[in-house]
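> Provided herewith: start.cif, mmCIF, C-alpha atoms.
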data_final
#
loop_
_atom_site.label_atom_id
_atom_site.label_comp_id
_atom_site.auth_asym_id
_atom_site.auth_seq_id
_atom_site.Cartn_x
_atom_site.Cartn_y
_atom_site.Cartn_z
CA MET A 1 -3.57 -15.80 41.05
CA THR A 2 -5.68 -12.97 39.66
CA GLU A 3 -4.07 -10.79 37.01
CA ALA A 4 -3.48 -7.22 38.20
CA LEU A 5 -5.60 -4.65 36.40
CA GLU A 6 -2.60 -2.81 34.98
CA THR A 7 -1.20 -6.08 33.60
CA LYS A 8 -4.53 -6.95 32.03
CA ILE A 9 -4.82 -3.47 30.47
CA VAL A 10 -1.33 -3.68 28.95
CA ARG A 11 -2.12 -7.13 27.56
CA LEU A 12 -5.52 -6.10 26.13
CA LEU A 13 -4.24 -2.89 24.54
CA ALA A 14 -1.13 -4.62 23.13
CA GLU A 15 -3.30 -7.34 21.56
CA ARG A 16 -5.42 -4.63 19.93
CA LYS A 17 -2.46 -2.39 19.06
CA GLN A 18 -4.09 0.47 20.98
CA THR A 19 -2.65 3.18 23.19
CA LEU A 20 -3.29 4.98 26.47
CA ALA A 21 -2.65 8.39 28.00
CA LEU A 22 -3.22 9.48 31.59
CA ALA A 23 -4.09 12.83 33.15
CA GLU A 24 -3.69 12.75 36.92
CA SER A 25 -4.28 15.38 39.53
CA CYS A 26 -5.09 13.92 42.96
CA THR A 27 -3.15 10.68 42.34
CA GLY A 28 0.02 12.56 41.39
CA GLY A 29 1.30 10.00 38.89
CA TYR A 30 0.38 6.93 40.92
CA ILE A 31 -1.61 5.40 38.05
CA ALA A 32 1.30 5.97 35.65
CA HIS A 33 3.59 4.34 38.23
CA ARG A 34 1.37 1.26 38.28
CA MET A 35 1.17 1.10 34.48
CA THR A 36 4.92 1.47 33.95
CA ASN A 37 5.65 -1.34 36.42
CA VAL A 38 4.26 -3.76 33.81
CA PRO A 39 6.76 -5.19 31.32
CA GLY A 40 5.71 -4.19 27.82
CA ALA A 41 3.90 -1.04 28.92
CA SER A 42 6.00 1.03 26.54
CA ALA A 43 4.07 -0.53 23.63
CA ILE A 44 0.79 0.98 24.81
CA PHE A 45 1.51 3.83 27.24
CA SER A 46 2.00 7.06 25.34
CA ALA A 47 1.98 9.86 27.93
CA GLY A 48 1.14 10.75 31.48
CA PHE A 49 0.30 14.25 32.64
CA VAL A 50 0.40 15.20 36.31
CA THR A 51 -1.64 18.37 36.17
CA TYR A 52 -1.94 19.26 39.83
CA SER A 53 -2.56 22.97 39.31
CA ASN A 54 -5.41 24.58 37.40
CA GLU A 55 -2.84 26.32 35.20
CA ALA A 56 -1.33 22.97 34.19
CA LYS A 57 -4.78 21.55 33.43
CA GLN A 58 -5.34 24.48 31.06
CA LYS A 59 -1.87 24.58 29.49
CA PHE A 60 -1.28 20.88 28.84
CA LEU A 61 -4.80 19.44 28.53
CA GLY A 62 -6.82 22.36 27.21
CA VAL A 63 -9.21 22.54 30.17
CA ARG A 64 -11.09 25.80 29.78
CA ALA A 65 -10.68 28.52 32.41
CA ASP A 66 -14.42 29.10 32.51
CA THR A 67 -15.03 25.40 33.23
CA LEU A 68 -12.62 25.55 36.16
CA HIS A 69 -14.13 28.81 37.41
CA GLN A 70 -17.72 27.65 37.10
CA HIS A 71 -17.39 24.08 38.43
CA GLY A 72 -14.07 23.88 40.30
CA ALA A 73 -11.16 21.56 39.61
CA VAL A 74 -12.90 18.63 41.29
CA SER A 75 -15.92 18.22 39.03
CA GLU A 76 -17.48 16.19 36.26
CA PRO A 77 -16.95 18.85 33.56
CA VAL A 78 -13.26 19.31 34.44
CA VAL A 79 -12.41 15.60 34.50
CA ARG A 80 -14.24 15.21 31.18
CA GLU A 81 -12.11 17.96 29.62
CA MET A 82 -8.98 16.47 31.20
CA ALA A 83 -9.64 13.01 29.71
CA GLU A 84 -10.59 14.34 26.29
CA GLY A 85 -7.61 16.71 26.31
CA ALA A 86 -5.13 13.98 27.24
CA ARG A 87 -6.45 11.75 24.47
CA ARG A 88 -6.40 14.60 21.94
CA VAL A 89 -2.88 15.90 22.63
CA SER A 90 -1.42 12.38 22.92
CA HIS A 91 -3.25 10.94 19.89
CA THR A 92 -4.19 7.82 21.85
CA ASP A 93 -7.08 5.40 21.67
CA TYR A 94 -7.93 5.84 25.36
CA ALA A 95 -7.28 8.32 28.13
CA VAL A 96 -7.99 8.23 31.84
CA ALA A 97 -8.22 11.34 34.01
CA VAL A 98 -8.64 11.74 37.77
CA THR A 99 -9.29 14.75 39.95
CA GLY A 100 -10.26 14.75 43.59
CA ILE A 101 -9.73 15.86 47.17
CA ALA A 102 -7.25 13.59 48.94
CA GLY A 103 -7.27 15.64 52.17
CA PRO A 104 -6.89 16.04 55.00
CA ASP A 105 -7.98 19.61 54.09
CA GLY A 106 -9.77 21.16 51.12
CA GLY A 107 -13.18 19.58 51.38
CA THR A 108 -16.53 21.35 51.37
CA PRO A 109 -20.03 20.13 52.29
CA GLU A 110 -20.76 19.61 48.57
CA LYS A 111 -17.37 18.00 47.88
CA PRO A 112 -15.99 16.48 51.09
CA VAL A 113 -12.47 15.10 51.44
CA GLY A 114 -12.46 11.78 49.59
CA THR A 115 -14.49 13.02 46.60
CA VAL A 116 -13.02 11.94 43.28
CA PHE A 117 -14.05 12.11 39.64
CA ILE A 118 -12.69 9.63 37.09
CA GLY A 119 -12.98 10.34 33.37
CA LEU A 120 -12.46 7.83 30.55
CA ALA A 121 -12.21 9.00 26.95
CA SER A 122 -12.24 6.85 23.83
CA SER A 123 -13.04 7.56 20.21
CA ARG A 124 -16.65 6.51 20.88
CA GLU A 125 -17.46 8.14 24.20
CA THR A 126 -16.38 9.89 27.36
CA LEU A 127 -17.57 8.45 30.65
CA VAL A 128 -17.37 10.06 34.07
CA PHE A 129 -17.67 8.37 37.46
CA ARG A 130 -17.89 9.97 40.88
CA HIS A 131 -16.62 8.10 43.93
CA PHE A 132 -16.16 8.83 47.59
CA ASN A 133 -12.90 7.45 49.00
CA PRO A 134 -12.41 8.83 52.51
CA GLY A 135 -9.27 7.86 54.36
CA LYS A 136 -5.58 8.65 54.44
CA ARG A 137 -3.93 10.11 51.33
CA LEU A 138 -2.13 6.94 50.26
CA GLU A 139 -5.27 4.86 50.74
CA PHE A 140 -7.19 7.42 48.69
CA LYS A 141 -4.63 7.26 45.87
CA ASP A 142 -4.52 3.46 45.92
CA LEU A 143 -8.31 3.05 45.86
CA THR A 144 -8.76 5.77 43.23
CA SER A 145 -6.15 4.16 40.96
CA GLU A 146 -7.83 0.76 41.37
CA GLN A 147 -11.23 2.24 40.48
CA ALA A 148 -9.84 4.09 37.45
CA LEU A 149 -8.01 1.02 36.12
CA GLY A 150 -11.05 -1.19 36.75
CA GLN A 151 -13.32 1.15 34.84
CA LEU A 152 -10.78 1.44 32.00
CA CYS A 153 -10.48 -2.34 31.80
CA ALA A 154 -14.27 -2.68 31.57
CA LEU A 155 -14.43 -0.03 28.83
CA ILE A 156 -11.70 -1.74 26.80
CA GLN A 157 -13.41 -5.12 27.12
CA ARG A 158 -16.76 -3.81 25.83
CA SER A 159 -15.22 -1.84 22.97
#
Here is the file; what I need is its structure written in the form of C-alpha coordinates.

Amino acid sequence: MTEALETKIVRLLAERKQTLALAESCTGGYIAHRMTNVPGASAIFSAGFVTYSNEAKQKFLGVRADTLHQHGAVSEPVVREMAEGARRVSHTDYAVAVTGIAGPDGGTPEKPVGTVFIGLASSRETLVFRHFNPGKRLEFKDLTSEQALGQLCALIQRS
(Lines of atoms letter the chains of each structure in order from A and count residues from 1; the text may use other names and numbers.)
(Lines give C-alpha, C1' and ligand atoms only; values in the text may rest on other atoms or scores of the structure.)
Protein backbone atom coordinates (compact mmCIF):
# COMPACT_ATOMS: atom_id res chain seq x y z
CA MET A 1 0.00 0.00 0.00
CA THR A 2 1.32 3.43 -0.94
CA GLU A 3 1.99 5.83 1.91
CA ALA A 4 -0.35 8.84 1.88
CA LEU A 5 1.39 12.12 1.14
CA GLU A 6 0.47 13.65 4.49
CA THR A 7 1.88 10.59 6.31
CA LYS A 8 5.08 10.78 4.32
CA ILE A 9 5.43 14.52 5.02
CA VAL A 10 4.97 14.02 8.77
CA ARG A 11 7.55 11.22 8.74
CA LEU A 12 10.09 13.19 6.68
CA LEU A 13 9.76 16.39 8.71
CA ALA A 14 9.86 14.50 12.03
CA GLU A 15 13.05 12.69 10.96
CA ARG A 16 14.61 16.07 10.13
CA LYS A 17 13.14 17.85 13.17
CA GLN A 18 11.54 20.41 10.86
CA THR A 19 8.20 22.19 10.97
CA LEU A 20 5.33 23.24 8.73
CA ALA A 21 2.72 26.00 8.56
CA LEU A 22 -0.22 26.28 6.18
CA ALA A 23 -2.07 29.26 4.73
CA GLU A 24 -5.29 28.20 3.04
CA SER A 25 -7.91 30.19 1.22
CA CYS A 26 -9.83 28.12 -1.34
CA THR A 27 -9.32 24.82 0.52
CA GLY A 28 -10.72 26.24 3.76
CA GLY A 29 -8.56 24.16 6.10
CA TYR A 30 -8.80 20.92 4.13
CA ILE A 31 -5.01 20.53 3.95
CA ALA A 32 -4.71 21.10 7.70
CA HIS A 33 -7.45 18.50 8.20
CA ARG A 34 -5.44 15.98 6.20
CA MET A 35 -2.22 16.77 8.07
CA THR A 36 -3.79 16.54 11.53
CA ASN A 37 -5.30 13.14 10.73
CA VAL A 38 -1.75 11.72 10.87
CA PRO A 39 -0.55 10.48 14.27
CA GLY A 40 2.50 12.48 15.30
CA ALA A 41 1.56 15.56 13.28
CA SER A 42 1.80 17.70 16.40
CA ALA A 43 5.60 17.28 16.29
CA ILE A 44 5.84 19.05 12.93
CA PHE A 45 2.64 21.05 12.33
CA SER A 46 2.94 24.49 13.87
CA ALA A 47 0.01 26.54 12.55
CA GLY A 48 -2.71 26.69 9.97
CA PHE A 49 -4.29 29.90 8.75
CA VAL A 50 -7.60 29.90 6.89
CA THR A 51 -7.43 33.34 5.35
CA TYR A 52 -10.51 33.37 3.16
CA SER A 53 -10.91 37.14 3.04
CA ASN A 54 -8.42 39.67 1.71
CA GLU A 55 -8.46 41.37 5.12
CA ALA A 56 -7.39 38.13 6.82
CA LYS A 57 -4.60 37.62 4.28
CA GLN A 58 -3.30 41.08 5.16
CA LYS A 59 -3.80 40.90 8.94
CA PHE A 60 -2.45 37.43 9.66
CA LEU A 61 0.01 36.80 6.82
CA GLY A 62 1.20 40.27 5.92
CA VAL A 63 -0.04 40.19 2.32
CA ARG A 64 0.23 43.74 1.04
CA ALA A 65 -2.94 45.61 0.07
CA ASP A 66 -1.31 46.85 -3.12
CA THR A 67 -0.46 43.28 -4.14
CA LEU A 68 -4.09 42.26 -3.67
CA HIS A 69 -5.33 45.35 -5.51
CA GLN A 70 -2.92 45.00 -8.41
CA HIS A 71 -3.08 41.22 -8.96
CA GLY A 72 -6.20 39.94 -7.17
CA ALA A 73 -6.39 37.35 -4.42
CA VAL A 74 -5.98 34.48 -6.88
CA SER A 75 -2.52 35.21 -8.23
CA GLU A 76 1.13 34.24 -8.12
CA PRO A 77 2.23 37.33 -6.14
CA VAL A 78 -0.47 36.86 -3.49
CA VAL A 79 0.18 33.15 -2.93
CA ARG A 80 3.91 33.91 -2.71
CA GLU A 81 3.26 36.51 0.02
CA MET A 82 0.86 34.12 1.77
CA ALA A 83 3.45 31.31 1.90
CA GLU A 84 6.29 33.57 2.97
CA GLY A 85 4.05 35.27 5.55
CA ALA A 86 2.88 31.97 7.06
CA ARG A 87 6.47 30.76 7.36
CA ARG A 88 7.62 34.07 8.85
CA VAL A 89 4.90 34.48 11.49
CA SER A 90 5.00 30.78 12.45
CA HIS A 91 8.81 30.49 12.49
CA THR A 92 8.65 27.22 10.54
CA ASP A 93 10.98 25.51 8.12
CA TYR A 94 8.30 25.20 5.44
CA ALA A 95 4.98 26.77 4.58
CA VAL A 96 2.35 25.93 1.99
CA ALA A 97 -0.23 28.41 0.73
CA VAL A 98 -3.18 27.97 -1.63
CA THR A 99 -5.54 30.44 -3.25
CA GLY A 100 -8.00 29.74 -6.02
CA ILE A 101 -11.49 29.84 -7.45
CA ALA A 102 -13.49 26.77 -6.38
CA GLY A 103 -16.71 27.96 -8.06
CA PRO A 104 -19.31 27.59 -9.25
CA ASP A 105 -19.11 31.41 -9.57
CA GLY A 106 -16.29 33.94 -9.44
CA GLY A 107 -14.30 33.01 -12.51
CA THR A 108 -13.15 35.34 -15.27
CA PRO A 109 -11.75 34.62 -18.75
CA GLU A 110 -8.22 35.15 -17.38
CA LYS A 111 -8.88 33.14 -14.21
CA PRO A 112 -11.70 30.67 -14.82
CA VAL A 113 -13.34 28.61 -12.09
CA GLY A 114 -10.84 25.89 -11.19
CA THR A 115 -7.78 28.16 -11.25
CA VAL A 116 -5.50 27.66 -8.26
CA PHE A 117 -2.09 28.90 -7.18
CA ILE A 118 0.04 26.89 -4.74
CA GLY A 119 2.99 28.52 -2.97
CA LEU A 120 5.77 26.71 -1.10
CA ALA A 121 8.20 28.64 1.08
CA SER A 122 11.39 27.34 2.66
CA SER A 123 14.51 29.05 3.95
CA ARG A 124 16.10 28.57 0.51
CA GLU A 125 13.33 29.48 -1.90
CA THR A 126 9.70 30.18 -2.63
CA LEU A 127 8.07 28.24 -5.44
CA VAL A 128 4.71 28.92 -7.06
CA PHE A 129 2.64 26.54 -9.18
CA ARG A 130 -0.51 27.29 -11.16
CA HIS A 131 -3.04 24.53 -11.78
CA PHE A 132 -6.46 24.26 -13.33
CA ASN A 133 -8.82 21.99 -11.38
CA PRO A 134 -12.32 22.37 -12.81
CA GLY A 135 -15.10 20.40 -11.18
CA LYS A 136 -17.26 20.44 -8.09
CA ARG A 137 -16.02 22.26 -4.99
CA LEU A 138 -15.10 19.16 -2.99
CA GLU A 139 -13.27 17.65 -5.96
CA PHE A 140 -11.43 20.96 -6.41
CA LYS A 141 -10.39 20.99 -2.73
CA ASP A 142 -9.33 17.35 -2.79
CA LEU A 143 -7.25 17.68 -5.96
CA THR A 144 -5.72 20.99 -4.85
CA SER A 145 -4.71 19.51 -1.48
CA GLU A 146 -3.16 16.50 -3.23
CA GLN A 147 -1.18 18.77 -5.57
CA ALA A 148 0.00 20.99 -2.71
CA LEU A 149 1.10 18.04 -0.56
CA GLY A 150 2.79 16.36 -3.52
CA GLN A 151 4.76 19.48 -4.34
CA LEU A 152 5.69 19.96 -0.67
CA CYS A 153 6.86 16.35 -0.43
CA ALA A 154 9.05 16.80 -3.51
CA LEU A 155 10.55 20.01 -2.09
CA ILE A 156 11.34 18.36 1.25
CA GLN A 157 12.96 15.38 -0.48
CA ARG A 158 15.29 17.57 -2.57
CA SER A 159 16.24 19.85 0.33
> Evaluated on this file, the PyMOL selection byres ((chain A and resi 7) around 9) picks out some residues - which ones are they, written as a list in words?
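So the PyMOL selection byres ((chain A and resi 7) around 9), applied here, picks out Glu3, Ala4, Leu5, Glu6, Lys8, Ile9, Val10, Arg11, Leu12, Met35, Asn37, Val38, Pro39 and Ala41 of chain A.
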> Just give me the residues with any atom within 10 Å of (-11.2, 6.5, 31.3), file coordinates, counting all atoms listed in the file, written as a PyMOL selection string.
chain A and resi 20-23+79-80+83-84+87+94-98+118-122+125-129+148-156
> Please write the residues from the selection above to a file, keeping C-alpha atoms, as an mmCIF file, keeping the file's coordinate frame.

data_model
loop_
_atom_site.group_PDB
_atom_site.id
_atom_site.type_symbol
_atom_site.label_atom_id
_atom_site.label_comp_id
_atom_site.auth_asym_id
_atom_site.auth_seq_id
_atom_site.Cartn_x
_atom_site.Cartn_y
_atom_site.Cartn_z
ATOM 1 C CA LEU A 20 -3.290 4.980 26.470
ATOM 2 C CA ALA A 21 -2.650 8.390 28.000
ATOM 3 C CA LEU A 22 -3.220 9.480 31.590
ATOM 4 C CA ALA A 23 -4.090 12.830 33.150
ATOM 5 C CA VAL A 79 -12.410 15.600 34.500
ATOM 6 C CA ARG A 80 -14.240 15.210 31.180
ATOM 7 C CA ALA A 83 -9.640 13.010 29.710
ATOM 8 C CA GLU A 84 -10.590 14.340 26.290
ATOM 9 C CA ARG A 87 -6.450 11.750 24.470
ATOM 10 C CA TYR A 94 -7.930 5.840 25.360
ATOM 11 C CA ALA A 95 -7.280 8.320 28.130
ATOM 12 C CA VAL A 96 -7.990 8.230 31.840
ATOM 13 C CA ALA A 97 -8.220 11.340 34.010
ATOM 14 C CA VAL A 98 -8.640 11.740 37.770
ATOM 15 C CA ILE A 118 -12.690 9.630 37.090
ATOM 16 C CA GLY A 119 -12.980 10.340 33.370
ATOM 17 C CA LEU A 120 -12.460 7.830 30.550
ATOM 18 C CA ALA A 121 -12.210 9.000 26.950
ATOM 19 C CA SER A 122 -12.240 6.850 23.830
ATOM 20 C CA GLU A 125 -17.460 8.140 24.200
ATOM 21 C CA THR A 126 -16.380 9.890 27.360
ATOM 22 C CA LEU A 127 -17.570 8.450 30.650
ATOM 23 C CA VAL A 128 -17.370 10.060 34.070
ATOM 24 C CA PHE A 129 -17.670 8.370 37.460
ATOM 25 C CA ALA A 148 -9.840 4.090 37.450
ATOM 26 C CA LEU A 149 -8.010 1.020 36.120
ATOM 27 C CA GLY A 150 -11.050 -1.190 36.750
ATOM 28 C CA GLN A 151 -13.320 1.150 34.840
ATOM 29 C CA LEU A 152 -10.780 1.440 32.000
ATOM 30 C CA CYS A 153 -10.480 -2.340 31.800
ATOM 31 C CA ALA A 154 -14.270 -2.680 31.570
ATOM 32 C CA LEU A 155 -14.430 -0.030 28.830
ATOM 33 C CA ILE A 156 -11.700 -1.740 26.800
#
> What separation in Å, quoted to one decimal, exists between atom CA of A:Pro77 and atom CA of A:Asp105?
22.4 Å
> Using all atoms listed in the file for the distances, tell me which of A:Thr144, A:Thr99, A:Ala14, A:Gly40 is nearest to A:Ser53.
A:Thr99
> Report as a ChimeraX atom specification all protein, DNA and RNA residues lying within 10 Å of A:Ala65, evaluated on all atoms listed in the file, omitting residues in the same chain fewer than 6 positions from it.
/A:54-55,57-58,72,78
> Tell me which residues the PyMOL selection byres ((chain A and resi 114) around 8) grabs here, as a PyMOL selection string.
chain A and resi 100-103+112-113+115-116+131-135+140
> Could you check which of A:Arg88, A:Lys141, A:His33, A:Arg158 is closest to A:Phe60, using only C-alpha atoms?
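Among the listed residues, A:Arg88 lies closest to A:Phe60.
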> Within 10 Å of (-22.5, 18.7, 44.2), all atoms listed in the file: residues as a ChimeraX atom specification?
/A:71,75-76,108-112
> Which residues are near A:Gly29? Cut-off 8 Å, all atoms listed in the file, ignore same chain within fewer than 3 positions. Put them as JSON, numbers by chain.
{"A": [24, 25, 32, 33, 48, 49, 50]}
> Just C-alpha atoms for this one: save the residues we selected as a tab-separated table (two decimals), in the frame of the given file.

chain	number	residue	atom	x	y	z
A	24	GLU	CA	-3.69	12.75	36.92
A	25	SER	CA	-4.28	15.38	39.53
A	32	ALA	CA	1.30	5.97	35.65
A	33	HIS	CA	3.59	4.34	38.23
A	48	GLY	CA	1.14	10.75	31.48
A	49	PHE	CA	0.30	14.25	32.64
A	50	VAL	CA	0.40	15.20	36.31
> Looking at all atoms listed in the file, which of A:Val74, A:Lys136, A:Ala43, A:Gly62 is the one that sits closest to A:Ala86?
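Checking each candidate against A:Ala86, we get A:Gly62 as the closest.
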> Report, in Å to a single decimal, how far apart atom CA of A:Arg130 and atom CA of A:Ala73 are.
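Separating atom CA of A:Ala73 from atom CA of A:Arg130 is a distance of 13.5 Å.
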> Using all atoms listed in the file, find the one residue out of A:Gln157, A:Ser90, A:Phe117, A:Lys17 that sits nearest to A:Leu61.
A:Ser90
